[in-house]
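What follows is a single structure, written as structure tokens, with notes after it.
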4 protein chains.
Amino acid sequence: MKQPIQKIAVLTSGGDSPGMNAAIRAVVRCCFYHKVDCVGVYRGLQGLIDADFTPLGPRSVKNIINQGGTFLKSARSEDFRTKQGREKAYKNLKEATIDALVAIGGDGTFTGCKIFNEEFNFPIIGIPGTIDNDINGTDYTIGYDTALNTVVEAIDKIRDTANSHNRLFLVEVMGRNAGDIALNAGIGAGAEEILIPEEDLGKDRLIASLKRSKEAGKSSSIVVVSEGDQIGKNILGLAEYIKENLQEYEVKVTVLGHIQRGGAPSCYDRVLASRLGVAAVDALMEGKRDAMIGIRHGKEIVVPIVEALKGKNEIDLKLIRVADITSL
Amino acid sequence: MKQPIQKIAVLTSGGDSPGMNAAIRAVVRCCFYHKVDCVGVYRGLQGLIDADFTPLGPRSVKNIINQGGTFLKSARSEDFRTKQGREKAYKNLKEATIDALVAIGGDGTFTGCKIFNEEFNFPIIGIPGTIDNDINGTDYTIGYDTALNTVVEAIDKIRDTANSHNRLFLVEVMGRNAGDIALNAGIGAGAEEILIPEEDLGKDRLIASLKRSKEAGKSSSIVVVSEGDQIGKNILGLAEYIKENLQEYEVKVTVLGHIQRGGAPSCYDRVLASRLGVAAVDALMEGKRDAMIGIRHGKEIVVPIVEALKGKNEIDLKLIRVADITSL
Amino acid sequence: MKQPIQKIAVLTSGGDSPGMNAAIRAVVRCCFYHKVDCVGVYRGLQGLIDADFTPLGPRSVKNIINQGGTFLKSARSEDFRTKQGREKAYKNLKEATIDALVAIGGDGTFTGCKIFNEEFNFPIIGIPGTIDNDINGTDYTIGYDTALNTVVEAIDKIRDTANSHNRLFLVEVMGRNAGDIALNAGIGAGAEEILIPEEDLGKDRLIASLKRSKEAGKSSSIVVVSEGDQIGKNILGLAEYIKENLQEYEVKVTVLGHIQRGGAPSCYDRVLASRLGVAAVDALMEGKRDAMIGIRHGKEIVVPIVEALKGKNEIDLKLIRVADITSL
Amino acid sequence: MKQPIQKIAVLTSGGDSPGMNAAIRAVVRCCFYHKVDCVGVYRGLQGLIDADFTPLGPRSVKNIINQGGTFLKSARSEDFRTKQGREKAYKNLKEATIDALVAIGGDGTFTGCKIFNEEFNFPIIGIPGTIDNDINGTDYTIGYDTALNTVVEAIDKIRDTANSHNRLFLVEVMGRNAGDIALNAGIGAGAEEILIPEEDLGKDRLIASLKRSKEAGKSSSIVVVSEGDQIGKNILGLAEYIKENLQEYEVKVTVLGHIQRGGAPSCYDRVLASRLGVAAVDALMEGKRDAMIGIRHGKEIVVPIVEALKGKNEIDLKLIRVADITSL
């Protein structure tokens with residue numbers, strides 16, 4: 001017979017993303033709502049191995065909903081990849097009388113959780129927290145919307161100076177192997193071209209397109225390049241290639257970097273994180289295990305963790321058409 | 001036999017909202033894509049009556065995607081409510097050889113468009129542009145996401161000072177008869193209570209709830225009040241009532257007002273506006289009429305205008321539960 | 001013979017302002033630099049009476065430089081206005097072996113400190129922290145620059161919607177009896193008119209000026225009104241008066257309110273707060289007492305507290321001319 | 001006998017900076033105030049050679065005070081470095097009956113203006129517009145304050161992720177040979193170390209300092225590096241060196257790049273630009289020539305252009321001490 005859950009641990013793992021604090025807050029307060037204890041684990045899966053725990057009550061999470069990053073800190077754990085590490089983690093959880101775990105993170109985190117669950121049959125619910133929006137089974141991941149706004153605001157600034165000087169800017173954005181940030185922020189920033197891993201534009205078509213832009217009367221251009229794109233991966237080489245083939249432009253490169261991971265979360269990310277945090281605890285209390293809470297068509301859903309690990313949904317081809325048309 | 005569409009007019013009407021410029025831009029460039037002419041109408045439906053037209057090409061709409069407001073300006077038109085006014089509008093459209101119209105606005109705009117279409121069988125497609133998110137048949141309206149971020153950022157600032165002084169703040173937000181802004185921004189801002197028109201909390205339950213907050217150790221509180229809420233409508237009276245019944249707090253009132261309508265649109269609103277603008281022109285070219293373009297489950301859809309006018313979808317009750325739990 | 005200072009207390013009092021946390025941080029770390037102990041006092045002067053003290057080390061103030069408000073909280077203290085209250089405060093300070101005090105606040109705070117110093121000869125250094133910039137002897141007060149940016153960003157948003165609708169907006173800003181916020185933010189926001197307490201424009205000249213604006217081709221207008229201005233004090237009455245005398249405009253009122261007190265401090269306010277915090281501790285260590293640290297011509301200065309209490313420097317008349325010319 | 005000035009041209013040259021539009025607006029409206037004509041020159045000094053002129057009236061500059069960049073565009077002109085180019089420029093100015101010039105830019109611009117004035121005795125007043133704050137004779141240049149806020153906001157975001165992961169971030173900021181941006185933004189962002197060209201810290205002292213930070217309990221660190229700093233110039237090499245000598249940290253590099261040049265100007269920059277723009281036209285009308293308008297101790301001053309070209313004021317050593325103390 002299943003034991004009732006009386007104590008839930010929560011951790012953040014992998015790359016941090018804005019809204020993780022809001023998700024922790026929702027987990028903690030929903031534990032309080034269900035009258036179960038809540039424990040925070042510092043530094044992600046590594047904190048399980050180090051038994052780096054702290055009790056969390058409703059007042060422990062005040063004034064964090066608007067803070068970027070994660071106050072529980074995050075880390076990548078090599079130890080958790082070993083059987084020995086996971087055994088230690090299990091022992092620590094048992095000793096602390098923790099009955100279940102909410103893990104906020106990306107696919108690396110979920111892979112670790114899945115193995116752990118298989119080995120120890122320990123109840124875990126995942127919450128997708130990554131700016132990359134590259135998790136299957138959810139329309140949005142926590143932090144993605146904020147990152148889009150951060151990128152768009154940065155490119156708005158770059159456009160001020162691009163317009164003032166008739167320049168071409170290559171702007172590299174994050175996203176690992178997913179072009180979601182590049183494509184959406186590219187449309188939002190009014191980019192002339194967007195290079196994403198899901199679509200191979202080819203250098204020559206890029207040059208041809210930029211030439212058409214110039215002929216159409218555009219005096220400056222922004223090209224958004226996803227870090228995972230084939231030709232974008234070598235962004236400096238791409239800049240050189242453009243300089244050689246499009247002498248009328250002065251070409252500049254900006255790599256937006258880690259500003260994309262931080263900042264106060266957008267309202268959407270705060271609400272999403274609140275909803276997923278509540279739903280994660282609800283799911284554990286209802287006996288769900290080995291699953292991720294996602295958002296699909298505006299509603300919280302429970303997704304088997306194997307589904308979440310299946311790799312990202314395809315990119316929306318209609319959106320590429322919107323990008324093409326609105327940049328005419 | 002239907003004439004092919006060769007010239008499309010675009011206008012913005014009713015209250016302005018961030019992203020309207022991005023929608024105009026998408027309409028203009030999608031006209032160019034379909035090789036049809038595009039004409040801008042100034043000051044909404046009134047501009048039809050005054051024949052206040054301007055030709056718009058792809059370069060006319062450069063550098064506006066990031067601008068709040070609408071460069072075509074907006075207005076409420078009394079004249080368009082008269083048969084005579086609408087006849088003049090029709091005559092002007094015909095004289096300018098305009099074959100179809102894209103109208104960006106809210107339900108007032110769509111009502112006018114519906115009557116106009118009935119009277120003159122003139123092809124019109126509506127695009128939902130309002131911060132209130134109160135249009136049926138679409139999950140989001142253009143400007144709503146930006147308004148949420150504006151409200152949340154404003155309340156973050158108010159919370160700084162609330163926390164420093166152990167104060168209770170009543171913050172009034174827009175939304176007409178829809179509580180969407182209040183509920184979502186309230187969750188996002190970590191409000192203790194949220195008063196929305198769709199749910200009658202009652203003054204006494206509010207007082208009881210604030211007392212519980214105080215006893216739970218909260219030293220300051222934010223109550224978000226929708227302008228359409230019954231008890232919130234008289235926000236100064238509410239403040240007095242709280243002062244009388246909760247003497248331990250210093251009560252302050254802030255009415256956020258028109259800052260909620262402006263500002264650079266969020267990435268989401270820019271992308272939404274771009275998608276709806278493209279889809280509106282596509283729809284006209286495909287022979288659709290008397291309809292609104294909405295977004296549903298992440299996809300553009302064509303909604304009969306009568307559907308759009310049916311009044312807002314119900315508020316999500318699960319979201320009220322999330323608000324209640326995360327404010328514990 | 002003077003005892004060397006071995007323990008310094010720090011508090012924030014009166015209305016909070018962005019940058020107060022940065023000032024506390026600088027005080028704490030400069031104490032550490034001088035190898036003296038530092039104690040935080042909660043809730044301002046009231047905390048002295050309640051002996052609400054906490055030891056503060058360099059790590060206690062990490063990650064607060066970018067936070068609005070004050071983590072030591074602030075309050076207005078009626079008790080401190082009584083001899084009895086101040087005697088209790090003195091007793092508490094002695095019992096806690098505190099040798100000196102840094103008080104961050106405005107003129108109310110400084111008045112209290114001056115009396116306390118007179119009565120007990122207790123070393124106090126003040127730091128000007130208020131958004132109003134209404135302290136004599138310093139060019140800037142902590143929080144003023146941030147408030148200016150907050151106001152200007154808010155009016156930028158209002159202007160989006162004002163432009164879209166040909167509207168006149170009256171925007172009330174803070175400043176108590178000082179017009180600094182209104183005048184500078186009014187110039188920065190491109191306001192058509194600015195009403196400040198230091199200058200009596202008169203309703204009729206305002207109407208005449210708005211008429212000229214209209215005739216000069218302006219389609220919308222922003223009037224910034226200082227809360228301390230004579231005709232602005234009744235801003236709703238002013239709106240009515242304008243409506244009656246300028247029928248071509250739709251008149252709207254926005255009271256910006258407490259958003260002006262919060263928010264992440266600007267770089268200027270963070271640097272100013274850091275400089276004044278360091279200089280305050282330096283001054284105490286050098287034997288200075290009964291003084292305020294100000295900034296004058298870009299340099300930290302020590303101002304006798306009686307000077308600081310003499311009332312604000314005059315408004316810069318040349319700046320009014322700049323406002324008049326740039327709004328033509 | 002001197003001819004009265006009846007037509008003034010205005011241009012922006014060199015790197016653009018936020019607030020240039022506000023300065024142009026003030027020049028245009030102050031010309032209107034003095035009842036002299038105003039002409040805009042596109043693309044800086046090159047526009048003089050190409051006679052790329054446009055008449056500017058008060059309404060030409062509406063709604064630009066809040067826009068980054070410069071609507072007159074900017075450029076670096078090789079032609080203007082030649083005698084032949086400058087002769088053509090002079091001829092164009094005479095043909096357009098332009099009597100005087102206001103040039104907004106940095107030292108490159110002023111050097112060109114000085115030579116031009118020497119050759120043709122043509123009245124020119126310069127206005128310092130550059131984010132670098134590297135012009136002699138003025139306490140602030142237009143755009144500097146905005147750039148500081150942009151940098152501080154970016155580092156606030158980076159700190160969110162740095163804190164979540166116990167990382168060391170090297171953040172490169174602009175400033176050419178001046179450390180003003182790095183030093184002030186470094187203090188404002190709470191950086192652990194700041195590398196500026198004016199002070200040679202040395203790699204070993206940097207390593208020692210970071211070790212002390214770690215021992216003092218800091219779990220993450222930000223090092224702000226000015227682009228002009230000797231060891232910072234090779235920021236990737238510096239990152240490698242730190243990795244080798246401080247293995248406990250994960251080291252990341254972010255080059256903020258051109259986001260620092262754009263964005264809506266801060267209130268301070270808008271007011272500064274308005275004041276300098278007005279003062280420049282006033283100065284020309286009063287017969288001043290061959291000078292720059294600066295701000296010194298809060299007042300507009302007229303500085304001989306040779307003074308402005310003398311190279312930057314020294315860095316404030318007391319500010320380095322503040323940085324050292326507040327980062328303890």
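Naming scheme: A, B, ... for chains in displayed order of the structure tokens; residues 1 onward per chain; ligands 1 onward as shown.
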Name all residues at most 8 Å from region 171-175 of chain D (count only C-alpha atoms; drop same-chain ones fewer than 3 positions away) and give them as a short mmCIF file (atom, residue, chain, number, x, y, z; two decimals) with N, CA, C and O atoms, in the first residue's frame.
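Okay, this is what ended up in out_37.cif:
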data_model
loop_
_atom_site.label_atom_id
_atom_site.label_comp_id
_atom_site.auth_asym_id
_atom_site.auth_seq_id
_atom_site.Cartn_x
_atom_site.Cartn_y
_atom_site.Cartn_z
N ILE D 131 29.02 58.08 -25.48
CA ILE D 131 28.78 57.35 -24.23
C ILE D 131 30.05 57.26 -23.39
O ILE D 131 29.99 56.91 -22.23
N ASP D 132 31.21 57.59 -23.98
CA ASP D 132 32.48 57.28 -23.32
C ASP D 132 32.86 58.28 -22.22
O ASP D 132 33.75 58.00 -21.42
N ASN D 133 32.24 59.45 -22.21
CA ASN D 133 32.55 60.51 -21.24
C ASN D 133 34.04 60.88 -21.26
O ASN D 133 34.63 61.17 -20.23
N ASP D 134 34.60 60.91 -22.45
CA ASP D 134 36.04 61.13 -22.57
C ASP D 134 36.41 62.48 -23.18
O ASP D 134 37.45 62.62 -23.82
N VAL D 151 24.49 49.23 -18.79
CA VAL D 151 25.49 48.28 -18.32
C VAL D 151 25.06 47.68 -16.98
O VAL D 151 25.12 46.46 -16.77
N ILE D 155 24.35 43.78 -16.14
CA ILE D 155 25.11 43.02 -15.13
C ILE D 155 24.18 42.51 -14.03
O ILE D 155 24.39 41.42 -13.49
N ALA D 178 38.90 55.50 -21.91
CA ALA D 178 38.44 56.06 -20.64
C ALA D 178 37.76 54.97 -19.80
O ALA D 178 36.96 54.19 -20.30
N GLY D 179 38.11 54.93 -18.54
CA GLY D 179 37.55 53.92 -17.65
C GLY D 179 36.27 54.36 -16.96
O GLY D 179 35.78 53.65 -16.08
N ASP D 180 35.70 55.48 -17.35
CA ASP D 180 34.53 56.03 -16.64
C ASP D 180 33.37 55.04 -16.59
O ASP D 180 32.75 54.85 -15.55
N ILE D 181 33.03 54.47 -17.74
CA ILE D 181 31.90 53.52 -17.76
C ILE D 181 32.21 52.35 -16.86
O ILE D 181 31.41 51.96 -16.01
N ALA D 182 33.39 51.76 -17.02
CA ALA D 182 33.74 50.58 -16.23
C ALA D 182 33.73 50.88 -14.74
O ALA D 182 33.17 50.11 -13.95
N ILE D 222 31.72 39.14 -10.18
CA ILE D 222 31.67 39.86 -11.45
C ILE D 222 32.93 40.71 -11.54
O ILE D 222 33.24 41.46 -10.61
N VAL D 223 33.65 40.60 -12.63
CA VAL D 223 34.77 41.50 -12.89
C VAL D 223 34.41 42.34 -14.12
O VAL D 223 34.13 41.78 -15.18
N VAL D 224 34.37 43.65 -13.94
CA VAL D 224 34.07 44.53 -15.06
C VAL D 224 35.38 44.97 -15.70
O VAL D 224 36.30 45.42 -15.01
N VAL D 225 35.46 44.81 -17.01
CA VAL D 225 36.70 45.06 -17.73
C VAL D 225 36.46 46.13 -18.79
O VAL D 225 35.63 45.95 -19.68
N SER D 226 37.16 47.22 -18.70
CA SER D 226 37.05 48.26 -19.72
C SER D 226 37.75 47.81 -21.00
O SER D 226 38.82 47.21 -20.94
N GLU D 227 37.15 48.09 -22.14
CA GLU D 227 37.73 47.62 -23.41
C GLU D 227 39.14 48.18 -23.62
O GLU D 227 39.93 47.60 -24.35
N GLY D 228 39.44 49.30 -22.96
CA GLY D 228 40.75 49.91 -23.16
C GLY D 228 41.80 49.45 -22.18
O GLY D 228 42.97 49.86 -22.28
N GLY D 232 42.81 43.72 -19.86
CA GLY D 232 41.46 43.39 -20.29
C GLY D 232 41.33 43.29 -21.80
O GLY D 232 40.44 42.63 -22.32
N ILE D 235 40.54 39.73 -23.41
CA ILE D 235 39.67 39.25 -22.34
C ILE D 235 39.60 37.72 -22.31
O ILE D 235 39.48 37.11 -21.24
N VAL D 253 32.71 34.63 -20.01
CA VAL D 253 32.99 35.96 -20.56
C VAL D 253 31.74 36.49 -21.27
O VAL D 253 31.10 35.76 -22.02
N THR D 254 31.40 37.75 -21.02
CA THR D 254 30.34 38.41 -21.78
C THR D 254 30.86 39.77 -22.26
O THR D 254 31.35 40.56 -21.47
N VAL D 255 30.77 39.98 -23.57
CA VAL D 255 31.14 41.28 -24.15
C VAL D 255 29.84 42.02 -24.44
O VAL D 255 29.08 41.61 -25.31
N LEU D 256 29.57 43.07 -23.68
CA LEU D 256 28.23 43.69 -23.80
C LEU D 256 27.98 44.31 -25.17
O LEU D 256 26.87 44.29 -25.68
N GLY D 257 29.01 44.86 -25.79
CA GLY D 257 28.89 45.33 -27.17
C GLY D 257 27.91 46.47 -27.38
O GLY D 257 27.71 47.31 -26.49
N GLN D 260 25.16 48.90 -25.56
CA GLN D 260 25.53 50.07 -24.75
C GLN D 260 25.34 51.40 -25.46
O GLN D 260 25.33 52.45 -24.84
#
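Residues of chain B having any atom within 6 Å of chain A, counting only C-alpha atoms, are B:Ala26, B:Arg29, B:Cys30, B:Asn149, B:Gly188, B:Cys267, B:Arg270, B:Val271, B:His297, B:Ile325, B:Thr326.
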What residues in region 149-263 of chain D get the DSSP label alpha helix (DSSP H)? Please answer as a PyMOL selection string.
chain D and resi 149-165+180-188+203-215+235-245
Take the residues from that selection and write them out as an mmCIF file, in the first residue's frame, keeping C-alpha atoms.
data_model
loop_
_atom_site.group_PDB
_atom_site.id
_atom_site.type_symbol
_atom_site.label_atom_id
_atom_site.label_comp_id
_atom_site.auth_asym_id
_atom_site.auth_seq_id
_atom_site.Cartn_x
_atom_site.Cartn_y
_atom_site.Cartn_z
ATOM 1 C CA ASN D 149 22.230 52.297 -16.679
ATOM 2 C CA THR D 150 22.304 49.884 -19.610
ATOM 3 C CA VAL D 151 25.486 48.276 -18.323
ATOM 4 C CA VAL D 152 24.221 48.047 -14.759
ATOM 5 C CA GLU D 153 20.930 46.484 -15.855
ATOM 6 C CA ALA D 154 22.792 43.957 -17.989
ATOM 7 C CA ILE D 155 25.110 43.020 -15.135
ATOM 8 C CA ASP D 156 22.129 42.725 -12.760
ATOM 9 C CA LYS D 157 20.858 40.041 -15.120
ATOM 10 C CA ILE D 158 24.220 38.327 -15.331
ATOM 11 C CA ARG D 159 24.471 38.371 -11.552
ATOM 12 C CA ASP D 160 21.199 36.415 -11.296
ATOM 13 C CA THR D 161 22.791 33.566 -13.170
ATOM 14 C CA ALA D 162 26.235 34.033 -11.596
ATOM 15 C CA ASN D 163 24.711 33.697 -8.131
ATOM 16 C CA SER D 164 22.745 30.627 -9.121
ATOM 17 C CA HIS D 165 25.889 28.817 -10.242
ATOM 18 C CA ASP D 180 34.535 56.026 -16.636
ATOM 19 C CA ILE D 181 31.898 53.523 -17.760
ATOM 20 C CA ALA D 182 33.744 50.575 -16.230
ATOM 21 C CA LEU D 183 34.448 52.281 -12.916
ATOM 22 C CA ASN D 184 30.996 53.760 -12.331
ATOM 23 C CA ALA D 185 29.013 50.841 -13.713
ATOM 24 C CA GLY D 186 31.319 48.510 -11.804
ATOM 25 C CA ILE D 187 30.523 50.241 -8.521
ATOM 26 C CA GLY D 188 26.847 50.380 -9.431
ATOM 27 C CA LYS D 203 47.088 39.919 -13.315
ATOM 28 C CA ASP D 204 48.577 38.660 -10.085
ATOM 29 C CA ARG D 205 46.874 41.255 -7.934
ATOM 30 C CA LEU D 206 43.610 40.391 -9.672
ATOM 31 C CA ILE D 207 44.070 36.715 -8.855
ATOM 32 C CA ALA D 208 44.991 37.542 -5.276
ATOM 33 C CA SER D 209 41.943 39.759 -4.932
ATOM 34 C CA LEU D 210 39.601 37.108 -6.309
ATOM 35 C CA LYS D 211 41.092 34.569 -3.901
ATOM 36 C CA ARG D 212 40.395 36.921 -1.016
ATOM 37 C CA SER D 213 36.807 37.355 -2.251
ATOM 38 C CA LYS D 214 36.365 33.613 -2.261
ATOM 39 C CA GLU D 215 37.829 33.291 1.220
ATOM 40 C CA ILE D 235 39.671 39.249 -22.340
ATOM 41 C CA LEU D 236 39.671 35.629 -23.508
ATOM 42 C CA GLY D 237 43.318 35.291 -22.543
ATOM 43 C CA LEU D 238 42.476 36.769 -19.172
ATOM 44 C CA ALA D 239 39.685 34.225 -18.718
ATOM 45 C CA GLU D 240 42.152 31.420 -19.460
ATOM 46 C CA TYR D 241 44.673 32.825 -17.011
ATOM 47 C CA ILE D 242 42.059 32.988 -14.260
ATOM 48 C CA LYS D 243 40.886 29.442 -14.977
ATOM 49 C CA GLU D 244 44.450 28.191 -14.613
ATOM 50 C CA ASN D 245 45.057 30.058 -11.392
#
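Remark: for Leu93 (chain C), the closest of the candidate residues C:Pro128, C:Gly294, C:Gly47, C:Gly15 is C:Gly47 (distances computed over only C-alpha atoms).
Computed from the coordinates, the CA of Asn177 (chain A) to CA of Glu307 (chain A) distance equals 18.1 Å.
Reported to one decimal place, the separation of CA of Asp37 (chain C) from CA of Leu56 (chain C) is 7.9 Å.
Between CA of Gly143 (chain A) and CA of Ile320 (chain B) the interatomic distance comes to 22.4 Å.
Take the candidates D:Val10, D:Met285, D:Val302, D:Ile231 and check each one against Pro197 (chain D) using only C-alpha atoms; the shortest distance goes to D:Ile231.
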Applying 10 Å and only C-alpha atoms, which residues near region 76-86 of chain A remain after dropping the ones on its own chain fewer than 2 positions away? List them as a count of residues only.
27
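Residues within 10 Å of Gly311 (chain A), counting only C-alpha atoms and excluding same-chain residues fewer than 5 positions away, are Asp107, Asp134, Ile135, Asn136, Gly137 and Val306 of chain A.
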Would you pick out the contacts of Ile124 (chain C) at 8 Å or less, using only C-alpha atoms, so that residues sharing its chain but fewer than 3 positions from it are not included, and give the list as a VMD selection string?
chain C and resid 100 to 103 113 117 284 289 to 291
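Backbone DSSP of region 97-235 of chain D yields strand (DSSP E or B) at D:Ala100, D:Leu101, D:Val102, D:Ala103, D:Ile104, D:Gly105, D:Ile124, D:Ile125, D:Gly126, D:Ile127, D:Pro128, D:Gly129, D:Ile142, D:Arg167, D:Leu168, D:Phe169, D:Leu170, D:Val171, D:Glu172, D:Val173, D:Glu193, D:Ile194, D:Leu195, D:Ser221, D:Ile222, D:Val223, D:Val224, D:Val225, D:Ser226.
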Prev. selection, N, CA, C and O atoms, output as a compact mmCIF listing (two decimals), in the first residue's frame:
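Just written: again-v3.txt:
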# COMPACT_ATOMS: atom_id res chain seq x y z
N ALA D 100 25.98 79.13 -39.64
CA ALA D 100 26.67 78.57 -38.48
C ALA D 100 26.28 77.10 -38.34
O ALA D 100 25.30 76.64 -38.94
N LEU D 101 27.05 76.38 -37.54
CA LEU D 101 26.86 74.94 -37.43
C LEU D 101 26.92 74.52 -35.97
O LEU D 101 27.79 74.99 -35.22
N VAL D 102 25.99 73.64 -35.58
CA VAL D 102 26.10 72.96 -34.30
C VAL D 102 26.45 71.50 -34.58
O VAL D 102 25.72 70.81 -35.30
N ALA D 103 27.59 71.06 -34.05
CA ALA D 103 28.06 69.69 -34.32
C ALA D 103 28.03 68.88 -33.04
O ALA D 103 28.70 69.22 -32.06
N ILE D 104 27.23 67.81 -33.05
CA ILE D 104 27.09 66.96 -31.87
C ILE D 104 27.94 65.70 -32.09
O ILE D 104 27.71 64.97 -33.05
N GLY D 105 28.92 65.48 -31.23
CA GLY D 105 29.78 64.31 -31.42
C GLY D 105 30.90 64.27 -30.41
O GLY D 105 30.81 64.89 -29.35
N ILE D 124 31.23 77.55 -35.56
CA ILE D 124 30.79 76.22 -35.15
C ILE D 124 30.77 76.14 -33.63
O ILE D 124 31.68 76.65 -32.97
N ILE D 125 29.73 75.52 -33.11
CA ILE D 125 29.70 75.18 -31.69
C ILE D 125 29.53 73.66 -31.59
O ILE D 125 28.67 73.08 -32.25
N GLY D 126 30.36 73.05 -30.76
CA GLY D 126 30.26 71.61 -30.56
C GLY D 126 29.43 71.27 -29.32
O GLY D 126 29.36 72.04 -28.36
N ILE D 127 28.79 70.11 -29.37
CA ILE D 127 28.10 69.56 -28.20
C ILE D 127 28.64 68.15 -27.97
O ILE D 127 28.67 67.35 -28.91
N PRO D 128 29.08 67.84 -26.74
CA PRO D 128 29.72 66.54 -26.51
C PRO D 128 28.68 65.41 -26.46
O PRO D 128 27.90 65.34 -25.51
N GLY D 129 28.68 64.58 -27.47
CA GLY D 129 27.77 63.44 -27.51
C GLY D 129 28.54 62.15 -27.73
O GLY D 129 28.99 61.88 -28.83
N ILE D 142 26.73 63.56 -23.45
CA ILE D 142 25.38 63.04 -23.70
C ILE D 142 25.44 61.55 -24.04
O ILE D 142 26.14 61.16 -24.97
N ARG D 167 29.59 31.27 -10.20
CA ARG D 167 30.46 31.50 -11.34
C ARG D 167 31.18 32.83 -11.23
O ARG D 167 30.73 33.74 -10.54
N LEU D 168 32.26 32.94 -11.98
CA LEU D 168 32.97 34.21 -12.16
C LEU D 168 32.70 34.70 -13.57
O LEU D 168 32.94 33.98 -14.54
N PHE D 169 32.19 35.91 -13.68
CA PHE D 169 31.93 36.50 -14.99
C PHE D 169 32.87 37.65 -15.26
O PHE D 169 33.02 38.55 -14.42
N LEU D 170 33.51 37.62 -16.42
CA LEU D 170 34.23 38.80 -16.92
C LEU D 170 33.28 39.52 -17.87
O LEU D 170 32.82 38.92 -18.84
N VAL D 171 32.99 40.77 -17.59
CA VAL D 171 32.07 41.54 -18.42
C VAL D 171 32.81 42.71 -19.04
O VAL D 171 33.28 43.60 -18.33
N GLU D 172 32.94 42.67 -20.37
CA GLU D 172 33.63 43.78 -21.04
C GLU D 172 32.67 44.90 -21.38
O GLU D 172 31.61 44.66 -21.96
N VAL D 173 33.06 46.12 -21.02
CA VAL D 173 32.22 47.29 -21.33
C VAL D 173 33.01 48.26 -22.20
O VAL D 173 34.23 48.19 -22.30
N GLU D 193 35.79 43.27 -8.92
CA GLU D 193 36.98 43.96 -9.42
C GLU D 193 36.63 44.73 -10.66
O GLU D 193 35.71 44.34 -11.41
N ILE D 194 37.37 45.80 -10.92
CA ILE D 194 37.13 46.65 -12.07
C ILE D 194 38.48 46.94 -12.72
O ILE D 194 39.38 47.44 -12.06
N LEU D 195 38.61 46.58 -14.00
CA LEU D 195 39.87 46.82 -14.70
C LEU D 195 39.71 48.00 -15.64
O LEU D 195 38.91 47.95 -16.57
N SER D 221 31.32 35.98 -8.59
CA SER D 221 32.03 37.24 -8.76
C SER D 221 31.79 37.81 -10.14
O SER D 221 31.66 37.07 -11.12
N ILE D 222 31.72 39.14 -10.18
CA ILE D 222 31.67 39.86 -11.45
C ILE D 222 32.93 40.71 -11.54
O ILE D 222 33.24 41.46 -10.61
N VAL D 223 33.65 40.60 -12.63
CA VAL D 223 34.77 41.50 -12.89
C VAL D 223 34.41 42.34 -14.12
O VAL D 223 34.13 41.78 -15.18
N VAL D 224 34.37 43.65 -13.94
CA VAL D 224 34.07 44.53 -15.06
C VAL D 224 35.38 44.97 -15.70
O VAL D 224 36.30 45.42 -15.01
N VAL D 225 35.46 44.81 -17.01
CA VAL D 225 36.70 45.06 -17.73
C VAL D 225 36.46 46.13 -18.79
O VAL D 225 35.63 45.95 -19.68
N SER D 226 37.16 47.22 -18.70
CA SER D 226 37.05 48.26 -19.72
C SER D 226 37.75 47.81 -21.00
O SER D 226 38.82 47.21 -20.94
